[in-house]
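Next comes work-v3.csv, a file with CSV, C-alpha atoms and all ligand atoms.
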```
chain,number,residue,atom,x,y,z
C,1,MET,CA,0.0,0.0,0.0
C,2,THR,CA,1.2,3.5,-0.8
C,3,ASP,CA,2.5,5.5,2.0
C,4,TYR,CA,1.1,9.0,1.3
C,5,VAL,CA,2.8,12.1,2.7
C,6,ILE,CA,1.3,15.5,3.2
C,7,ALA,CA,4.0,18.2,3.5
C,8,PRO,CA,2.6,21.7,4.3
C,9,SER,CA,4.7,24.5,2.8
C,10,ILE,CA,5.6,27.0,5.5
C,11,LEU,CA,5.9,29.6,2.7
C,12,SER,CA,2.2,30.4,3.6
C,13,ALA,CA,2.7,30.2,7.4
C,14,ASN,CA,2.8,33.2,9.7
C,15,PHE,CA,6.6,33.8,9.9
C,16,ALA,CA,6.2,36.0,13.0
C,17,ARG,CA,5.3,32.8,14.9
C,18,LEU,CA,6.8,30.1,12.8
C,19,GLY,CA,7.6,27.6,15.5
C,20,GLU,CA,4.1,27.6,16.8
C,21,GLU,CA,2.7,27.3,13.2
C,22,VAL,CA,4.9,24.2,12.5
C,23,ASP,CA,3.9,22.7,15.9
C,24,ASN,CA,0.2,23.2,15.0
C,25,VAL,CA,0.4,21.8,11.5
C,26,LEU,CA,2.2,18.7,12.7
C,27,ALA,CA,-0.2,18.2,15.5
C,28,ALA,CA,-3.0,18.6,12.9
C,29,GLY,CA,-1.6,15.5,11.1
C,30,ALA,CA,1.0,16.7,8.7
C,31,ASP,CA,3.9,14.3,7.9
C,32,TRP,CA,6.7,16.5,6.8
C,33,VAL,CA,7.6,20.2,6.8
C,34,HIS,CA,8.2,21.6,3.3
C,35,PHE,CA,10.8,24.4,3.5
C,36,ASP,CA,10.9,26.7,0.4
C,37,VAL,CA,14.3,28.4,-0.1
C,38,MET,CA,14.2,31.3,-2.6
C,39,ASP,CA,17.2,33.5,-3.4
C,40,ASN,CA,15.8,36.5,-5.5
C,41,HIS,CA,18.0,35.2,-8.3
C,42,TYR,CA,16.9,31.8,-9.5
C,43,VAL,CA,13.4,32.8,-8.5
C,44,PRO,CA,12.0,36.4,-8.0
C,45,ASN,CA,11.4,36.1,-4.3
C,46,LEU,CA,13.5,35.8,-1.1
C,47,THR,CA,12.7,33.6,1.8
C,48,ILE,CA,14.5,31.6,4.4
C,49,GLY,CA,17.9,29.8,4.9
C,50,PRO,CA,19.7,27.3,7.0
C,51,MET,CA,19.4,29.4,10.2
C,52,ILE,CA,15.6,29.0,10.2
C,53,CYS,CA,15.9,25.3,9.6
C,54,GLN,CA,18.2,25.0,12.6
C,55,ALA,CA,15.9,27.2,14.6
C,56,LEU,CA,13.0,24.8,13.9
C,57,ARG,CA,15.2,21.8,15.0
C,58,ASP,CA,16.2,23.8,18.2
C,59,HIS,CA,12.5,24.5,18.8
C,60,GLY,CA,12.0,20.7,18.9
C,61,VAL,CA,10.7,19.8,15.5
C,62,THR,CA,11.5,16.2,14.8
C,63,ALA,CA,9.5,15.6,11.7
C,64,PRO,CA,11.3,15.3,8.3
C,65,ILE,CA,12.2,18.7,6.9
C,66,ASP,CA,11.9,18.7,3.1
C,67,VAL,CA,14.2,21.5,1.8
C,68,HIS,CA,13.2,22.7,-1.7
C,69,LEU,CA,16.1,24.8,-3.0
C,70,MET,CA,15.2,27.5,-5.5
C,71,VAL,CA,18.6,28.9,-5.5
C,72,GLU,CA,21.5,29.3,-7.9
C,73,PRO,CA,24.2,28.1,-7.4
C,74,VAL,CA,23.1,25.2,-5.4
C,75,ASP,CA,26.2,23.4,-4.1
C,76,ARG,CA,27.6,25.8,-1.6
C,77,ILE,CA,24.4,25.9,0.6
C,78,ILE,CA,24.0,22.1,0.8
C,79,PRO,CA,26.4,21.4,3.6
C,80,ASP,CA,24.8,24.2,5.7
C,81,PHE,CA,21.3,22.8,5.2
C,82,ALA,CA,22.5,19.3,6.1
C,83,ASP,CA,24.1,20.6,9.3
C,84,ALA,CA,20.9,22.6,10.1
C,85,GLY,CA,18.8,19.4,10.1
C,86,ALA,CA,17.4,19.0,6.6
C,87,SER,CA,16.2,15.5,6.0
C,88,MET,CA,15.9,15.7,2.2
C,89,ILE,CA,17.2,18.3,-0.2
C,90,THR,CA,15.7,18.9,-3.7
C,91,PHE,CA,17.1,21.2,-6.3
C,92,HIS,CA,16.3,22.4,-9.8
C,93,PRO,CA,18.7,20.9,-12.4
C,94,GLU,CA,18.8,24.2,-14.3
C,95,ALA,CA,20.4,25.7,-11.2
C,96,SER,CA,23.3,23.2,-11.0
C,97,LYS,CA,26.2,23.0,-13.5
C,98,HIS,CA,26.9,19.4,-12.5
C,99,VAL,CA,23.7,17.6,-11.5
C,100,ASP,CA,25.3,14.3,-10.7
C,101,ARG,CA,27.8,16.0,-8.5
C,102,THR,CA,25.1,17.9,-6.6
C,103,LEU,CA,23.1,14.7,-6.0
C,104,GLN,CA,26.2,13.0,-4.7
C,105,LEU,CA,27.0,16.0,-2.5
C,106,ILE,CA,23.5,15.9,-0.9
C,107,LYS,CA,23.8,12.1,-0.2
C,108,SER,CA,27.4,12.5,1.1
C,109,HIS,CA,25.9,14.8,3.8
C,110,GLY,CA,23.5,12.1,4.8
C,111,CYS,CA,20.3,13.6,3.3
C,112,GLN,CA,17.9,12.2,0.7
C,113,ALA,CA,18.3,13.8,-2.7
C,114,GLY,CA,15.8,14.9,-5.2
C,115,LEU,CA,15.3,16.7,-8.5
C,116,VAL,CA,12.7,19.4,-9.0
C,117,LEU,CA,11.2,19.7,-12.5
C,118,ASN,CA,9.5,23.0,-13.5
C,119,PRO,CA,6.2,22.7,-15.5
C,120,ALA,CA,8.1,23.0,-18.8
C,121,THR,CA,11.2,21.0,-17.9
C,122,PRO,CA,11.4,17.7,-19.7
C,123,LEU,CA,11.6,14.4,-17.8
C,124,SER,CA,14.6,13.4,-19.9
C,125,ILE,CA,17.0,14.6,-17.2
C,126,LEU,CA,15.9,11.6,-15.2
C,127,GLU,CA,17.3,9.1,-17.7
C,128,TRP,CA,20.8,9.3,-16.3
C,129,ALA,CA,20.0,10.6,-12.8
C,130,ILE,CA,17.3,8.3,-11.6
C,131,GLU,CA,19.7,5.9,-9.9
C,132,LYS,CA,20.8,8.6,-7.6
C,133,VAL,CA,17.4,10.3,-6.8
C,134,ASP,CA,15.2,9.4,-3.8
C,135,MET,CA,12.5,11.8,-4.9
C,136,VAL,CA,11.2,13.6,-8.0
C,137,LEU,CA,9.4,16.8,-7.3
C,138,LEU,CA,7.1,18.0,-10.1
C,139,MET,CA,6.3,21.7,-9.9
C,140,SER,CA,2.7,22.3,-10.8
C,141,VAL,CA,3.2,26.1,-10.7
C,142,ASN,CA,6.1,28.1,-11.8
C,143,PRO,CA,8.4,28.4,-8.7
C,144,GLY,CA,8.5,31.6,-6.6
C,145,PHE,CA,5.2,32.2,-5.0
C,146,GLY,CA,2.5,30.4,-3.0
C,147,GLY,CA,-1.2,30.6,-3.9
C,148,GLN,CA,-0.9,30.1,-7.7
C,149,SER,CA,-3.3,27.9,-9.7
C,150,PHE,CA,-2.4,24.3,-10.6
C,151,ILE,CA,-1.1,23.9,-14.2
C,152,GLU,CA,-3.2,21.2,-15.8
C,153,HIS,CA,-0.6,19.6,-18.1
C,154,VAL,CA,1.4,18.5,-15.0
C,155,LYS,CA,-1.3,15.8,-14.6
C,156,ARG,CA,0.0,14.0,-17.7
C,157,LYS,CA,3.5,14.5,-16.4
C,158,ILE,CA,2.6,12.8,-13.1
C,159,VAL,CA,1.5,9.7,-15.1
C,160,ALA,CA,4.7,9.8,-17.2
C,161,THR,CA,6.9,10.2,-14.1
C,162,ARG,CA,5.1,7.4,-12.3
C,163,ALA,CA,5.9,5.1,-15.3
C,164,LEU,CA,9.6,6.0,-15.2
C,165,ILE,CA,9.8,5.4,-11.5
C,166,ASP,CA,8.0,2.1,-11.6
C,167,ALA,CA,10.3,1.0,-14.5
C,168,SER,CA,13.4,1.9,-12.5
C,169,GLY,CA,12.4,-0.6,-9.8
C,170,ARG,CA,13.7,1.9,-7.2
C,171,SER,CA,11.9,3.3,-4.3
C,172,ILE,CA,11.5,7.0,-5.3
C,173,ARG,CA,8.9,9.4,-4.0
C,174,LEU,CA,6.8,11.4,-6.5
C,175,GLU,CA,6.0,14.7,-5.0
C,176,VAL,CA,3.8,17.5,-6.4
C,177,ASP,CA,4.1,21.1,-5.4
C,178,GLY,CA,1.8,24.0,-6.3
C,179,GLY,CA,-1.9,24.5,-6.3
C,180,VAL,CA,-2.6,21.3,-4.4
C,181,LYS,CA,-5.9,21.5,-2.6
C,182,ALA,CA,-8.4,19.1,-0.9
C,183,ASN,CA,-10.4,19.1,-4.1
C,184,ASN,CA,-7.6,17.9,-6.5
C,185,ILE,CA,-5.4,15.8,-4.2
C,186,GLY,CA,-7.4,12.6,-4.8
C,187,GLU,CA,-7.0,12.9,-8.6
C,188,LEU,CA,-3.2,13.6,-8.2
C,189,ALA,CA,-2.9,10.5,-6.0
C,190,ALA,CA,-4.8,8.4,-8.5
C,191,LEU,CA,-2.5,9.6,-11.3
C,192,GLY,CA,0.5,8.4,-9.3
C,193,ALA,CA,1.7,11.1,-6.9
C,194,ASP,CA,2.5,10.0,-3.4
C,195,THR,CA,3.8,13.1,-1.7
C,196,PHE,CA,1.8,16.4,-1.6
C,197,VAL,CA,3.0,19.9,-0.8
C,198,ALA,CA,0.3,22.3,0.1
C,199,GLY,CA,0.9,25.8,1.3
C,200,SER,CA,-2.1,28.2,1.0
C,201,ALA,CA,-4.6,25.4,1.1
C,202,ILE,CA,-3.5,24.5,4.6
C,203,PHE,CA,-2.2,27.7,6.2
C,204,ASN,CA,-5.0,29.9,4.9
C,205,ALA,CA,-7.5,27.7,6.5
C,206,ASP,CA,-8.9,28.3,10.0
C,207,ASP,CA,-8.6,24.7,11.0
C,208,TYR,CA,-5.5,22.9,9.8
C,209,ALA,CA,-6.6,19.5,11.1
C,210,SER,CA,-9.9,19.5,9.1
C,211,VAL,CA,-8.1,20.4,5.8
C,212,ILE,CA,-5.5,17.7,6.4
C,213,SER,CA,-8.0,15.1,7.2
C,214,GLU,CA,-10.1,16.1,4.2
C,215,MET,CA,-7.0,15.7,2.1
C,216,ARG,CA,-6.3,12.3,3.5
C,217,ALA,CA,-9.9,11.2,3.0
C,218,ASN,CA,-9.8,12.3,-0.6
C,219,ILE,CA,-6.5,10.5,-1.3
C,220,ALA,CA,-7.9,7.3,0.1
C,221,GLN,CA,-10.9,7.3,-2.3
G,1,LIG,C1,6.4,27.6,-4.9
G,1,LIG,C2,6.7,26.7,-3.7
G,1,LIG,C3,5.6,26.0,-3.2
G,1,LIG,C4,4.5,26.9,-2.7
G,1,LIG,C5,3.2,26.1,-2.8
G,1,LIG,O1,7.6,28.0,-5.5
G,1,LIG,O2,7.7,25.7,-4.1
G,1,LIG,O3,6.0,25.1,-2.2
G,1,LIG,O4,4.6,27.3,-1.4
G,1,LIG,O5,2.1,27.0,-2.4
G,1,LIG,P1,0.6,26.6,-2.8
G,1,LIG,O6,0.3,25.3,-2.1
G,1,LIG,O7,-0.1,27.8,-2.1
G,1,LIG,O8,0.5,26.6,-4.3
G,2,ZN,ZN,8.2,24.1,-2.7
```

In structure tokens, what does this structure look like?
Ligand code: DX5
Ligand code: ZN
Amino acid sequence: MTDYVIAPSILSANFARLGEEVDNVLAAGADWVHFDVMDNHYVPNLTIGPMICQALRDHGVTAPIDVHLMVEPVDRIIPDFADAGASMITFHPEASKHVDRTLQLIKSHGCQAGLVLNPATPLSILEWAIEKVDMVLLMSVNPGFGGQSFIEHVKRKIVATRALIDASGRSIRLEVDGGVKANNIGELAALGADTFVAGSAIFNADDYASVISEMRANIAQ
């Protein structure tokens, strides 16, 4: 049976009380914390870095922290995130000159490694990377901001990625990020995704537990 993961993106949390927000969303049933790192260079927005990841660990967060790097260059920040308590680190192949080296670097620091594919990025990069990835993250919006609408063609991409993962015979998570809501998560799971990032759908709700349980119920159908 598939082990589904819900990973709230703290991009939509209230940063003035981030520790409490993360405690609340985990108590509400979230599995992972999705941690969006933006550099105002690879993407036109600026967010948080390793210090905040370390602060969440020091605050007592033990759940996996899923670090999504939207930065360029990628490599020099990886050791800092590993030291700060990242569990998995994903990056955009366009932002690394040497994708295989970056994957190896992440794994050599004891983290799981993943590639993030933007809506128009082909899957072909996976042909010679799939043996080193623990996760493929499909962007279903263009990276940079929360609260955007799901880009429909990514549904076909989920199906194609699921086929590649199954053919590889490896245990690789298929994560979807952007515009994921309670009303489309069931379809995304049926298409082959197993890990779901949701920012605004969770943090803009009054009751995190009821959104997360609605999501889980819709995945199960
Ligand atoms: C966008 C980020 C997403 C974003 C998702 O660049 O990678 O994680 O926070 O936000 P929603 O769920 O609101 O689309
Ligand atoms: Zn993200």

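CA of Met70 in chain C is positioned 18.8 Å from CA of Ile151 in chain C.
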
*Give the residue list for ligand LIG 1 (chain G) at 9 Å, counting all atoms listed in the file, as an NGL selection string, sorted by chain and then by residue number.*
:C and (8-12 or 34-38 or 43 or 68-70 or 139-150 or 176-181 or 197-204)

*Do you know which residues are at most 10 Å from Leu123 in chain C counting all atoms listed in the file, after dropping those on the same chain fewer than 6 positions away, and could you put them as a ChimeraX atom specification?*
/C:117,136,138,157,160-161,164

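Rounded to one decimal, CA of Cys111 in chain C and CA of Glu127 in chain C lie 21.7 Å from each other.
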
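Using all atoms listed in the file for every distance, the candidate list C:Asn14, C:Ser168, C:Gln112, C:Thr195 yields C:Thr195 as the residue closest to ligand ZN 2 (chain G).
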
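The coordinates place CA of Val25 in chain C at 6.2 Å from CA of Tyr208 in chain C.
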
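For the choices C:Trp128, C:Phe15, C:Phe91, C:Phe81, the atom-to-atom distance to ligand ZN 2 (chain G) is smallest for C:Phe91 when using all atoms listed in the file.
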
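Environment of (19.7, 22.4, 9.3): residues at most 10 Å away, judged by only C-alpha atoms, are Gly49, Pro50, Met51, Ile52, Cys53, Gln54, Ala55, Leu56, Arg57, Asp58, Ile65, Val67, Ile78, Pro79, Asp80, Phe81, Ala82, Asp83, Ala84, Gly85, Ala86 and Ser87 of chain C.
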
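Checking C:Asn40, C:Ser96, C:Asn184, C:Asn118 one by one against ligand ZN 2 (chain G), counting only C-alpha atoms and all ligand atoms, you find the shortest gap at C:Asn118.
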
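Residue nearest ligand ZN 2 (chain G), chosen from C:Ile212, C:Val33, C:Ala28, C:Val159 and counting all atoms listed in the file: C:Val33.
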
*Could you give me, as a ChimeraX atom specification, the residues that have an atom at most 10 Å away from the point (-3.0, 10.8, 10.8) in the coordinates of the file, using all atoms listed in the file?*
/C:6,26-31,209,212-213,216

Grab the residues selected above and save them as a short mmCIF file (atom, residue, chain, number, x, y, z; two decimals), in the coordinates of the input with C-alpha atoms.
```cif
data_model
loop_
_atom_site.label_atom_id
_atom_site.label_comp_id
_atom_site.auth_asym_id
_atom_site.auth_seq_id
_atom_site.Cartn_x
_atom_site.Cartn_y
_atom_site.Cartn_z
CA ILE C 6 1.30 15.50 3.20
CA LEU C 26 2.20 18.70 12.70
CA ALA C 27 -0.20 18.20 15.50
CA ALA C 28 -3.00 18.60 12.90
CA GLY C 29 -1.60 15.50 11.10
CA ALA C 30 1.00 16.70 8.70
CA ASP C 31 3.90 14.30 7.90
CA ALA C 209 -6.60 19.50 11.10
CA ILE C 212 -5.50 17.70 6.40
CA SER C 213 -8.00 15.10 7.20
CA ARG C 216 -6.30 12.30 3.50
#
```

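Minimum atom-to-atom distance to Ser171 in chain C, evaluated using all atoms listed in the file, belongs to C:Thr2 out of C:Tyr42, C:Val154, C:Thr121, C:Thr2.
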
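Minimum distance to ligand ZN 2 (chain G) across C:Asp206, C:Asp39, C:Asp66, C:Glu94 (counting only C-alpha atoms and all ligand atoms) occurs at C:Asp66.
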
_Polymer residues at most 12 Å from His98 in chain C, all atoms listed in the file, same-chain spacing of 6 or more positions, as a VMD selection string_ = chain C and resid 73 to 75 91 to 92 104 to 105 125 129

Pull C-alpha atoms from the residues just selected and write them as a compact mmCIF listing (two decimals), in the coordinates of the input.
```txt
# COMPACT_ATOMS: atom_id res chain seq x y z
CA PRO C 73 24.20 28.10 -7.40
CA VAL C 74 23.10 25.20 -5.40
CA ASP C 75 26.20 23.40 -4.10
CA PHE C 91 17.10 21.20 -6.30
CA HIS C 92 16.30 22.40 -9.80
CA GLN C 104 26.20 13.00 -4.70
CA LEU C 105 27.00 16.00 -2.50
CA ILE C 125 17.00 14.60 -17.20
CA ALA C 129 20.00 10.60 -12.80
```
